[in-house]
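Engineer: Below you'll find data05.cif; it's mmCIF, C-alpha atoms.
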data_upload
#
loop_
_atom_site.label_atom_id
_atom_site.label_comp_id
_atom_site.auth_asym_id
_atom_site.auth_seq_id
_atom_site.Cartn_x
_atom_site.Cartn_y
_atom_site.Cartn_z
CA MET R 9 0.00 0.00 0.00
CA ASP R 10 2.81 2.40 0.79
CA ARG R 11 4.24 1.67 -2.61
CA PHE R 12 0.97 2.58 -4.33
CA SER R 13 0.48 5.70 -2.25
CA ARG R 14 3.99 6.85 -3.10
CA LYS R 15 3.21 6.40 -6.81
CA ASP R 16 -0.03 8.36 -6.47
CA GLY R 17 1.84 11.17 -4.78
CA MET R 18 4.46 11.30 -7.54
CA ILE R 19 1.76 11.46 -10.20
CA SER R 20 -0.01 14.25 -8.32
CA VAL R 21 3.22 16.26 -8.11
CA PHE R 22 3.86 15.69 -11.83
CA LEU R 23 0.36 16.79 -12.74
CA ILE R 24 0.66 19.87 -10.54
CA LEU R 25 3.98 20.80 -12.18
CA ALA R 26 2.61 20.19 -15.66
CA PHE R 27 -0.51 22.21 -14.91
CA ALA R 28 1.57 25.03 -13.46
CA SER R 29 3.73 25.05 -16.60
CA MET R 30 0.64 25.19 -18.78
CA ILE R 31 -0.77 28.06 -16.74
CA GLY R 32 2.59 29.89 -16.96
CA ALA R 33 2.73 29.40 -20.74
CA MET R 34 -0.88 30.53 -21.08
CA LEU R 35 -0.18 33.63 -18.99
CA MET R 36 2.89 34.35 -21.13
CA PHE R 37 0.84 34.08 -24.33
CA VAL R 38 -1.92 36.22 -22.81
CA GLY R 39 0.67 38.82 -21.77
CA ALA R 40 2.19 38.85 -25.26
CA ALA R 41 -1.26 39.18 -26.79
CA ILE R 42 -2.06 42.06 -24.46
CA ASN R 43 1.22 43.78 -25.40
CA GLN R 44 0.52 43.35 -29.11
CA ALA R 45 -3.02 44.59 -28.67
CA GLU R 46 -1.75 47.56 -26.67
CA GLN R 47 0.83 48.48 -29.33
CA ALA R 48 -1.70 48.11 -32.14
CA LEU R 49 -4.17 50.25 -30.22
CA CYS R 50 -1.51 52.90 -29.53
CA LYS R 51 -0.52 53.05 -33.20
CA GLU R 52 -4.14 53.57 -34.21
CA TYR R 53 -4.61 56.26 -31.58
CA ILE R 54 -1.46 58.04 -32.78
CA HIS R 55 -2.66 57.85 -36.39
CA LEU R 56 -6.12 59.13 -35.39
CA ALA R 57 -4.60 61.99 -33.41
CA GLY R 58 -2.31 62.82 -36.33
CA ARG R 59 -5.19 62.96 -38.80
CA SER R 60 -7.13 65.14 -36.37
CA LEU R 61 -4.18 67.52 -36.10
CA LEU R 62 -3.68 67.70 -39.88
CA SER R 63 -7.37 68.49 -40.33
CA GLU R 64 -6.52 71.95 -38.97
CA TYR R 65 -5.14 73.06 -42.35
CA HIS R 66 -4.83 76.63 -43.61
CA ILE R 67 -8.21 77.26 -45.25
CA SER R 68 -7.21 80.14 -47.56
CA LEU R 69 -4.19 78.22 -48.82
CA LYS R 70 -6.41 75.24 -49.65
CA GLU R 71 -9.18 77.29 -51.27
CA ARG R 72 -6.88 79.47 -53.40
CA TYR R 73 -4.13 77.03 -54.37
CA SER R 74 -5.40 73.52 -53.43
CA LEU R 75 -2.39 73.02 -51.17
CA PHE R 76 -2.80 71.23 -47.86
CA ALA R 77 -0.66 72.59 -45.02
CA THR R 78 -1.15 73.75 -41.45
CA ASP R 79 0.34 76.97 -40.11
CA LEU R 80 0.42 75.74 -36.49
CA ASP R 81 3.93 76.04 -35.04
CA LEU R 82 5.81 73.26 -33.24
CA HIS R 83 4.52 74.16 -29.77
CA GLN R 84 0.92 74.35 -31.00
CA GLN R 85 1.17 71.04 -32.81
CA GLU R 86 2.71 69.26 -29.83
CA HIS R 87 -0.02 70.66 -27.57
CA ALA R 88 -2.76 69.60 -30.01
CA LEU R 89 -1.36 66.10 -30.50
CA THR R 90 -1.02 65.65 -26.72
CA PHE R 91 -4.62 66.75 -26.26
CA TYR R 92 -5.99 64.36 -28.90
CA LEU R 93 -3.99 61.42 -27.50
CA THR R 94 -4.84 61.94 -23.83
CA GLU R 95 -8.51 62.49 -24.59
CA ASN R 96 -8.65 59.24 -26.54
CA PHE R 97 -6.82 57.42 -23.75
CA ARG R 98 -9.21 58.81 -21.15
CA LYS R 99 -12.36 57.85 -23.02
CA GLN R 100 -11.40 54.25 -23.75
CA HIS R 101 -11.72 51.58 -21.07
CA THR R 102 -10.05 48.63 -22.80
CA LEU R 103 -6.47 49.09 -21.65
CA PRO R 104 -4.83 51.59 -19.27
CA LEU R 105 -2.68 53.91 -21.44
CA ASN R 106 -0.41 56.69 -20.22
CA LEU R 107 1.46 59.22 -22.37
CA ASP R 108 5.03 59.31 -21.03
CA ALA R 109 6.77 61.55 -23.59
CA LEU R 110 6.05 63.27 -26.93
CA GLU R 111 8.45 64.97 -29.36
CA MET R 112 7.73 66.24 -32.88
CA SER R 113 9.79 67.58 -35.79
CA LEU R 114 8.45 69.84 -38.57
CA HIS R 115 11.36 71.28 -40.56
CA GLU R 116 11.48 68.56 -43.23
CA PHE R 117 7.77 69.08 -43.96
CA SER R 118 7.86 72.84 -44.52
CA LEU R 119 6.01 73.96 -47.64
CA GLY R 120 8.97 76.27 -48.24
CA ASN R 121 10.92 73.14 -49.19
CA ILE R 122 10.65 72.89 -52.98
CA ASP R 123 10.56 69.07 -52.89
CA VAL R 124 7.59 69.18 -50.52
CA LEU R 125 5.91 71.81 -52.71
CA GLU R 126 6.44 69.79 -55.88
CA HIS R 127 4.79 66.76 -54.30
CA GLN R 128 1.79 68.90 -53.33
CA ILE R 129 1.68 70.39 -56.84
CA SER R 130 1.62 66.93 -58.45
CA GLU R 131 -1.38 66.10 -56.25
CA ALA R 132 -3.21 69.40 -56.87
CA ALA R 133 -2.60 69.35 -60.64
CA ALA R 134 -4.80 66.25 -60.96
CA TYR R 135 -7.93 68.03 -59.66
CA PRO R 136 -9.97 71.04 -60.81
CA PRO R 137 -9.16 74.35 -59.11
CA THR R 138 -11.43 75.46 -56.29
CA TYR R 139 -10.98 79.25 -56.33
CA ASN R 140 -14.00 79.89 -58.61
CA ARG R 141 -16.31 78.25 -56.10
CA ARG R 142 -15.67 80.91 -53.51
CA GLU R 143 -14.49 84.18 -55.03
CA THR R 144 -13.68 86.65 -52.27
CA THR R 145 -12.42 89.64 -54.18
CA GLU R 146 -13.97 91.98 -51.64
CA ASN R 147 -11.64 90.54 -49.01
CA PHE R 148 -8.53 91.02 -51.12
CA GLN R 149 -6.38 93.97 -50.13
CA ALA R 150 -3.34 94.70 -52.26
CA LEU R 151 -0.38 95.55 -50.07
CA PRO R 152 3.01 97.10 -50.84
CA LEU R 153 5.70 94.50 -51.37
CA GLU R 154 7.56 95.96 -48.40
CA THR R 155 4.60 94.95 -46.22
CA THR R 156 4.29 91.49 -47.76
CA GLY R 157 7.95 90.86 -47.15
CA TRP R 158 9.78 91.23 -50.50
CA GLY R 159 13.10 90.66 -48.77
CA ILE R 160 11.90 87.48 -47.05
CA LEU R 161 10.30 85.84 -50.06
CA PRO R 162 11.43 82.24 -50.72
CA SER R 163 13.38 83.37 -53.82
CA LYS R 164 14.97 86.20 -51.75
CA GLY R 165 13.97 88.64 -54.49
CA HIS R 166 16.54 87.33 -57.00
CA SER R 167 15.48 88.08 -60.57
CA GLY R 168 16.55 86.81 -63.96
CA TYR R 169 15.83 83.96 -66.34
CA SER R 170 18.53 81.30 -66.45
CA LEU R 171 17.42 79.53 -69.63
CA ASN R 172 19.78 79.68 -72.61
CA LEU R 173 17.92 80.92 -75.68
CA THR R 174 19.82 78.38 -77.74
CA GLN R 175 17.98 75.69 -75.79
CA LEU R 176 14.68 77.32 -76.72
CA LYS R 177 15.70 77.46 -80.36
CA GLU R 178 16.63 73.76 -80.31
CA TYR R 179 13.28 72.92 -78.72
CA PHE R 180 11.30 74.67 -81.46
CA MET R 181 13.51 73.24 -84.20
CA GLY R 182 13.10 69.73 -82.80
CA ASP R 183 16.79 69.33 -81.89
CA ALA R 184 16.39 69.27 -78.08
CA THR R 185 18.46 66.45 -76.56
CA ASN R 186 16.86 66.45 -73.08
CA PRO R 187 13.26 65.20 -73.14
CA LEU R 188 10.82 66.83 -70.74
CA ASN R 189 10.07 64.91 -67.55
CA GLY R 190 6.70 64.40 -65.92
CA SER R 191 7.37 66.76 -63.01
CA ALA R 192 7.95 69.68 -65.42
CA LEU R 193 4.60 68.96 -67.07
CA PHE R 194 2.86 68.78 -63.68
CA ARG R 195 4.36 72.15 -62.71
CA LEU R 196 3.24 73.70 -65.99
CA HIS R 197 -0.26 72.28 -65.58
CA TYR R 198 -0.44 73.74 -62.07
CA ILE R 199 0.76 77.17 -63.25
CA GLN R 200 -1.81 77.15 -66.04
CA LYS R 201 -4.62 76.50 -63.56
CA TYR R 202 -3.66 78.75 -60.65
CA PHE R 203 -1.69 81.73 -62.02
CA ASN R 204 -2.60 84.60 -64.34
CA HIS R 205 -0.63 85.80 -67.34
CA ASN R 206 -0.89 88.79 -69.66
CA ARG R 207 -3.18 87.16 -72.22
CA ARG R 208 -5.31 84.98 -69.90
CA THR R 209 -8.98 85.10 -70.87
CA THR R 210 -10.46 83.65 -67.64
CA TRP R 211 -9.06 85.85 -64.90
CA ILE R 212 -8.24 84.34 -61.50
CA PRO R 213 -9.29 86.58 -58.59
CA ASN R 214 -7.16 87.61 -55.63
CA SER R 215 -3.81 88.25 -57.32
CA HIS R 216 -1.22 90.90 -56.47
CA PHE R 217 0.42 90.58 -59.92
CA GLN R 218 -1.46 90.57 -63.20
CA ASN R 219 1.41 88.86 -65.01
CA GLU R 220 2.04 86.04 -62.54
CA ALA R 221 3.46 83.51 -65.00
CA GLU R 222 5.81 86.20 -66.29
CA TYR R 223 6.88 86.85 -62.68
CA ILE R 224 7.65 83.15 -62.29
CA LEU R 225 9.97 83.49 -65.28
CA TYR R 226 11.75 86.71 -64.31
CA GLY R 227 11.06 87.59 -60.68
CA LEU R 228 10.86 91.38 -61.09
CA PRO R 229 8.63 93.36 -58.69
CA SER R 230 6.46 94.94 -61.42
CA ASP R 231 4.11 93.57 -64.08
CA ASP R 232 5.55 95.88 -66.72
CA GLY R 233 9.10 94.83 -65.91
CA ASN R 234 8.33 91.12 -66.23
CA LEU R 235 6.37 91.64 -69.45
CA ARG R 236 9.23 93.65 -70.99
CA ARG R 237 11.70 90.91 -70.09
CA PHE R 238 9.47 88.31 -71.75
CA GLN R 239 9.19 90.58 -74.81
CA ARG R 240 12.98 90.90 -74.95
CA ASP R 241 13.58 87.14 -74.72
CA PHE R 242 10.75 86.31 -77.12
CA THR R 243 12.12 88.80 -79.66
CA ALA R 244 15.62 87.36 -79.28
CA LEU R 245 14.27 83.84 -79.76
CA ARG R 246 12.21 84.82 -82.78
CA THR R 247 15.24 86.58 -84.28
CA LEU R 248 17.21 83.32 -84.09
CA LEU R 249 14.34 81.30 -85.58
CA ASN R 250 13.65 83.91 -88.27
CA LEU R 251 17.34 83.99 -89.17
CA ALA R 252 17.30 80.20 -89.57
CA HIS R 253 14.35 80.56 -91.95
CA ILE R 254 16.06 83.27 -94.01
CA LYS R 255 19.21 81.17 -94.40
CA SER R 256 17.13 78.20 -95.55
CA ASP R 257 15.23 80.25 -98.15
CA PRO R 258 17.19 80.66 -101.42
CA LYS R 259 14.92 83.46 -102.62
CA LYS R 260 15.48 85.56 -99.52
CA MET R 261 19.23 84.90 -99.55
CA LYS R 262 19.39 86.00 -103.19
CA THR R 263 17.56 89.24 -102.34
CA LEU R 264 20.05 89.89 -99.55
CA SER R 265 22.99 89.06 -101.79
CA VAL R 266 21.90 91.64 -104.36
CA ALA R 267 21.40 94.29 -101.68
CA ALA R 268 24.77 93.51 -100.08
CA SER R 269 26.56 93.74 -103.44
CA ILE R 270 25.11 97.20 -103.95
CA LEU R 271 26.02 98.41 -100.46
CA THR R 272 29.50 96.87 -100.21
CA PRO R 273 30.76 95.48 -103.54
CA GLY R 274 33.50 92.87 -103.33
CA PRO R 275 34.49 90.39 -100.59
CA LYS R 276 32.75 92.37 -97.85
CA ALA R 277 29.40 91.64 -99.47
CA ILE R 278 29.16 88.28 -97.67
CA VAL R 279 29.51 89.96 -94.26
CA THR R 280 26.97 92.60 -95.25
CA GLN R 281 24.59 89.89 -96.44
CA LEU R 282 24.67 88.20 -93.01
CA ALA R 283 24.23 91.56 -91.26
CA LEU R 284 21.21 92.36 -93.43
CA ALA R 285 19.78 88.90 -92.68
CA GLY R 286 20.06 89.63 -88.96
CA ILE R 287 18.36 93.01 -89.37
CA TRP R 288 15.55 91.48 -91.41
CA ALA R 289 15.10 88.69 -88.86
CA GLY R 290 14.99 91.26 -86.04
CA PHE R 291 12.35 93.40 -87.73
CA GLU R 292 10.28 90.28 -88.35
CA ALA R 293 10.69 89.35 -84.66
CA ASN R 294 9.38 92.76 -83.58
CA ASN R 295 6.40 92.23 -85.87
CA ASP R 296 5.93 88.77 -84.34
CA TRP R 297 5.66 90.29 -80.86
CA LYS R 298 3.01 92.77 -82.01
CA LEU R 299 1.03 89.90 -83.50
CA LEU R 300 1.34 87.94 -80.27
CA VAL R 301 0.12 90.68 -77.90
CA ASP R 302 -2.81 91.39 -80.22
CA GLY R 303 -4.00 87.81 -79.77
CA LYS R 304 -2.61 86.47 -83.05
CA GLY R 305 -0.32 83.47 -83.51
CA VAL R 306 3.27 83.16 -84.72
CA GLU R 307 4.41 79.94 -86.35
CA PRO R 308 7.58 78.63 -84.59
CA MET R 309 9.28 77.37 -87.76
CA LYS R 310 7.99 79.59 -90.52
CA GLY R 311 7.30 78.76 -94.11
CA GLU R 312 6.87 81.39 -96.79
CA GLU R 313 3.15 81.67 -96.02
CA HIS R 314 3.91 82.56 -92.37
CA TRP R 315 6.48 85.27 -93.20
CA ALA R 316 5.10 88.81 -92.83
CA LEU R 317 7.71 91.43 -93.86
CA SER R 318 9.27 91.83 -97.28
CA PHE R 319 12.85 93.05 -97.39
CA ASP R 320 11.75 96.40 -98.83
CA SER R 321 9.26 96.96 -95.98
CA ILE R 322 11.80 96.82 -93.14
CA SER R 323 12.87 100.39 -93.77
CA THR R 324 9.27 101.64 -93.56
CA ASN R 325 8.47 103.46 -90.33
CA ARG R 326 5.34 102.00 -88.72
CA GLU R 327 3.51 103.38 -85.71
CA ALA R 328 3.85 101.49 -82.44
CA GLY R 329 1.30 98.70 -82.27
CA ASN R 330 0.84 98.38 -86.01
CA TYR R 331 1.90 95.12 -87.60
CA VAL R 332 1.84 93.21 -90.86
CA SER R 333 -0.09 89.94 -90.87
CA PRO R 334 1.26 86.95 -92.77
CA ARG R 335 -0.79 85.25 -95.47
CA LYS R 336 -1.50 82.28 -93.17
CA GLU R 337 -2.34 82.68 -89.49
CA SER R 338 -0.73 80.38 -86.93
CA PRO R 339 -2.49 78.79 -83.93
CA VAL R 340 0.66 79.19 -81.78
CA GLY R 341 -0.16 82.20 -79.63
CA TYR R 342 1.14 84.01 -76.55
CA GLU R 343 0.25 81.30 -74.05
CA LYS R 344 1.95 78.53 -76.01
CA TYR R 345 5.24 80.45 -76.21
CA LEU R 346 4.95 81.29 -72.52
CA ASN R 347 4.37 77.60 -71.72
CA VAL R 348 7.54 76.56 -73.53
CA PHE R 349 9.56 79.11 -71.57
CA LEU R 350 8.06 77.72 -68.37
CA LEU R 351 8.64 74.09 -69.38
CA LEU R 352 12.34 74.72 -69.92
CA GLN R 353 12.87 76.96 -66.90
CA ASN R 354 15.18 75.94 -64.08
CA ARG R 355 13.16 73.77 -61.65
CA GLU R 356 14.41 75.34 -58.41
CA ILE R 357 13.90 78.94 -59.54
CA GLN R 358 10.44 78.14 -60.85
CA LEU R 359 9.28 76.50 -57.62
CA LEU R 360 10.71 79.28 -55.45
CA ARG R 361 8.87 81.95 -57.45
CA ILE R 362 5.65 79.95 -57.25
CA LEU R 363 6.13 80.13 -53.49
CA ASP R 364 6.74 83.89 -53.78
CA ILE R 365 3.38 84.51 -55.43
CA ILE R 366 1.52 82.25 -53.01
CA GLN R 367 3.08 84.07 -50.05
CA ILE R 368 2.33 87.55 -51.43
CA ASN R 369 -1.27 86.72 -52.35
CA LEU R 370 -2.01 84.98 -49.04
CA CYS R 371 -0.72 88.05 -47.19
CA CYS R 372 -3.22 90.14 -49.16
CA ILE R 373 -6.09 87.66 -48.72
CA THR R 374 -5.61 87.03 -45.02
CA LYS R 375 -4.33 90.55 -44.22
CA SER R 376 -1.63 88.99 -42.09
CA HIS R 377 2.12 88.40 -42.06
CA PHE R 378 1.92 85.07 -43.86
CA LEU R 379 5.12 83.06 -44.38
CA ILE R 380 4.98 80.00 -46.59
CA GLN R 381 7.93 78.33 -44.85
CA GLU R 382 5.89 78.29 -41.64
CA CYS R 383 3.26 76.04 -43.22
CA TYR R 384 3.78 72.30 -42.80
CA THR R 385 2.44 69.33 -44.74
CA GLY R 386 3.08 66.81 -41.97
CA PHE R 387 5.29 65.94 -39.01
CA SER R 388 7.51 63.22 -37.60
CA TYR R 389 7.13 62.04 -34.02
CA GLU R 390 8.71 60.09 -31.18
CA ILE R 391 6.02 59.14 -28.65
CA THR R 392 6.39 56.97 -25.54
CA ILE R 393 3.26 55.27 -24.18
CA ASN R 394 3.39 52.86 -21.23
CA GLY R 395 7.17 52.71 -21.61
CA VAL R 396 7.07 51.75 -25.33
CA GLU R 397 8.47 54.18 -27.93
CA TYR R 398 6.65 54.78 -31.23
CA VAL R 399 8.40 56.52 -34.13
CA GLY R 400 6.80 57.56 -37.42
CA THR R 401 5.42 60.32 -39.65
CA GLU R 402 2.03 61.70 -40.59
CA THR R 403 1.47 63.65 -43.82
CA TYR R 404 -1.40 64.92 -45.97
#
Would you give me this structure, written as structure tokens?

Structural biologist:
Amino acid sequence: MDRFSRKDGMISVFLILAFASMIGAMLMFVGAAINQAEQALCKEYIHLAGRSLLSEYHISLKERYSLFATDLDLHQQEHALTFYLTENFRKQHTLPLNLDALEMSLHEFSLGNIDVLEHQISEAAAYPPTYNRRETTENFQALPLETTGWGILPSKGHSGYSLNLTQLKEYFMGDATNPLNGSALFRLHYIQKYFNHNRRTTWIPNSHFQNEAEYILYGLPSDDGNLRRFQRDFTALRTLLNLAHIKSDPKKMKTLSVAASILTPGPKAIVTQLALAGIWAGFEANNDWKLLVDGKGVEPMKGEEHWALSFDSISTNREAGNYVSPRKESPVGYEKYLNVFLLLQNREIQLLRILDIIQINLCCITKSHFLIQECYTGFSYEITINGVEYVGTETY
């Protein structure tokens, strides 16, 4: 009997140990499941709080330019995110959650960063503009550039167009070696939808400049100045293209040869012929500009039917604004030439000047000291909850 009772005792001890091990394993699995559930719940609460924070976007910026960004500073965003998290923790009764620490970073998400802006532009370019739905011209107050911060614009007030006119000539002649990328087309599409230019038929309200696209090209503080710079570069471009046409036209070259022989007989006639070709091309270019600003078109690579001025007519004095129309009108007007200039413009300069106009106009719309670099399209965070650190980003 003692032997059997000893065996029963050993079995009981074994079963107790086995059962204790099972309970320990079960508690371990339950603890792991609770930890995973807690971390998943915390991640969702952080995401929900982040979306709630980003819902506080700058309304005028969204309505005028379809750009999503908040103008809350770092302290305000940290305070708002803390509020949303702690309120969610307080109202849920599933798991006890405590916010131990919260840090945020904004600088890499500033809308003043041209990479951030370009991403927003690519998103906005895919949708119709919203400014016509809520025109608020009565709220627009044009301000001096000194008030709007000319010296603190994203481009720092630097002017000039960095594009080589030879590159423009090659583009129109079909000899361009660098194909256009998708981002350049997105930027152009955005400019077409949200910025005015001198010949725009459907005017966009709430604009400090009338010639906004021309400002993006040249960055001068006056509409007239930017338009004159575009006229100068267009005329220079057309002179190059017109000269290429003259050289390819035997009839025109023969006319110039006869005139050069009369003016400077002998070997110098060749030099005179080229000089006369340049003069003729320049007069034709001036006529091209007059056609363009009157709403007519100018064929990029002209044939005889698109040529307006005879050689004899270049010495005729014409009143300003008068022009000679070619036999055949071209569909390539002001906006199409402007678009090519914009397509081939330096990316960084173009994006910075887009930011300039947005900042100036938002100052006038909101009547405040608006700075585009103080608008943010998201944030990164390091948050500690119940001793566990969570790192990530939230963006529009």

Engineer: Leaving out range 356-367 of chain R and any residue of its chain fewer than 6 positions from it, which residues lie within 6 Å of it when counting only C-alpha atoms, given as number ranges by chain?

Structural biologist: R: 161-163, 224, 380

Engineer: As a check of understanding, name the residues that the PyMOL selection byres ((chain R and resi 334) around 12) selects in the supplied structure, as a list in words.

Structural biologist: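 Given this file, the PyMOL selection byres ((chain R and resi 334) around 12) evaluates to Glu292, Asn295, Asp296, Leu299, Lys304, Gly305, Val306, Glu307, Lys310, Gly311, Glu312, Glu313, His314, Trp315, Ala316, Leu317, Ser318, Tyr331, Val332, Ser333, Arg335, Lys336, Glu337 and Ser338 of chain R.
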
Engineer: Return the single residue from R:Ala283, R:Leu251, R:Leu235, R:Leu264 that is closest to Gln218 in chain R, with distances computed using all atoms listed in the file.

Structural biologist: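 Using all atoms listed in the file, Gln218 in chain R sits closest to R:Leu235.
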
Engineer: Care to translate the PyMOL selection byres ((chain R and resi 387-390) around 10) into actual residues of this file, as a JSON list (two decimals) with C-alpha atoms, keeping the file's coordinate frame?

Structural biologist:
[["chain", "number", "residue", "atom", "x", "y", "z"],
["R", 54, "ILE", "CA", -1.46, 58.04, -32.78],
["R", 58, "GLY", "CA", -2.31, 62.82, -36.33],
["R", 62, "LEU", "CA", -3.68, 67.70, -39.88],
["R", 82, "LEU", "CA", 5.81, 73.26, -33.24],
["R", 85, "GLN", "CA", 1.17, 71.04, -32.81],
["R", 86, "GLU", "CA", 2.71, 69.26, -29.83],
["R", 109, "ALA", "CA", 6.77, 61.55, -23.59],
["R", 110, "LEU", "CA", 6.05, 63.27, -26.93],
["R", 111, "GLU", "CA", 8.45, 64.97, -29.36],
["R", 112, "MET", "CA", 7.73, 66.24, -32.88],
["R", 113, "SER", "CA", 9.79, 67.58, -35.79],
["R", 114, "LEU", "CA", 8.45, 69.84, -38.57],
["R", 115, "HIS", "CA", 11.36, 71.28, -40.56],
["R", 116, "GLU", "CA", 11.48, 68.56, -43.23],
["R", 117, "PHE", "CA", 7.77, 69.08, -43.96],
["R", 118, "SER", "CA", 7.86, 72.84, -44.52],
["R", 384, "TYR", "CA", 3.78, 72.30, -42.80],
["R", 385, "THR", "CA", 2.44, 69.33, -44.74],
["R", 386, "GLY", "CA", 3.08, 66.81, -41.97],
["R", 391, "ILE", "CA", 6.02, 59.14, -28.65],
["R", 392, "THR", "CA", 6.39, 56.97, -25.54],
["R", 397, "GLU", "CA", 8.47, 54.18, -27.93],
["R", 398, "TYR", "CA", 6.65, 54.78, -31.23],
["R", 399, "VAL", "CA", 8.40, 56.52, -34.13],
["R", 400, "GLY", "CA", 6.80, 57.56, -37.42],
["R", 401, "THR", "CA", 5.42, 60.32, -39.65],
["R", 402, "GLU", "CA", 2.03, 61.70, -40.59],
["R", 403, "THR", "CA", 1.47, 63.65, -43.82],
["R", 404, "TYR", "CA", -1.40, 64.92, -45.97]]

Engineer: Given the file above and the PyMOL selection byres ((chain R and resi 194) around 10), which residues are selected, and can you give them as an MDAnalysis selection string?

Structural biologist: chainID R and resid 126:127 129:134 189:193 195:200 351

Engineer: Interatomic distance between CA of Leu93 in chain R and CA of Tyr53 in chain R?

Structural biologist: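 We find that CA of Leu93 in chain R and CA of Tyr53 in chain R lie 6.6 Å from each other.
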
Engineer: Could you check how far CA of Tyr202 in chain R sits from CA of Leu125 in chain R, in Å to one decimal?

Structural biologist: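 That distance, rounded to one decimal, is 14.2 Å.
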
Engineer: How many Å lie between CA of Phe319 in chain R and CA of Met261 in chain R, rounded to one decimal?

Structural biologist: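 Taking CA of Phe319 in chain R and CA of Met261 in chain R, their separation equals 10.6 Å.
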
Engineer: Determine, counting all atoms listed in the file, which protein, DNA and RNA residues have an atom within 9 Å of an atom of Lys260 in chain R; residues of the same chain fewer than 5 positions away are not included. Present the result as a count of residues only.

Structural biologist: 5

Engineer: Nearest to Asn121 in chain R: which of R:Asn394, R:Leu25, R:Glu382, R:Asp257 is it, counting only C-alpha atoms?

Structural biologist: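 Of the candidates, the smallest distance to Asn121 in chain R is held by R:Glu382.
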
Engineer: Show me as a PDB file with C-alpha atoms, keeping the file's coordinate frame the residues that reach within 8 Å of (7.1, 80.2, -83.2), counting only C-alpha atoms and using the file's own coordinates.

Structural biologist:
ATOM      1  CA  PHE R 180      11.300  74.670 -81.460  1.00  0.00           C
ATOM      2  CA  ARG R 246      12.210  84.820 -82.780  1.00  0.00           C
ATOM      3  CA  LEU R 249      14.340  81.300 -85.580  1.00  0.00           C
ATOM      4  CA  VAL R 306       3.270  83.160 -84.720  1.00  0.00           C
ATOM      5  CA  GLU R 307       4.410  79.940 -86.350  1.00  0.00           C
ATOM      6  CA  PRO R 308       7.580  78.630 -84.590  1.00  0.00           C
ATOM      7  CA  MET R 309       9.280  77.370 -87.760  1.00  0.00           C
ATOM      8  CA  LYS R 310       7.990  79.590 -90.520  1.00  0.00           C
ATOM      9  CA  VAL R 340       0.660  79.190 -81.780  1.00  0.00           C
ATOM     10  CA  TYR R 345       5.240  80.450 -76.210  1.00  0.00           C
TER      11      TYR R 345
END

Engineer: Counting only C-alpha atoms, find residues at most 12 Å from (15.8, 89.2, -81.5) (file frame) and give them as a PyMOL selection string.

Structural biologist: chain R and resi 173+177+238-251+285-297

Engineer: Nearest to Glu95 in chain R among R:Phe27, R:Asp79, R:Pro273, R:Leu56, with distances taken over all atoms listed in the file: which residue is it?

Structural biologist: R:Leu56
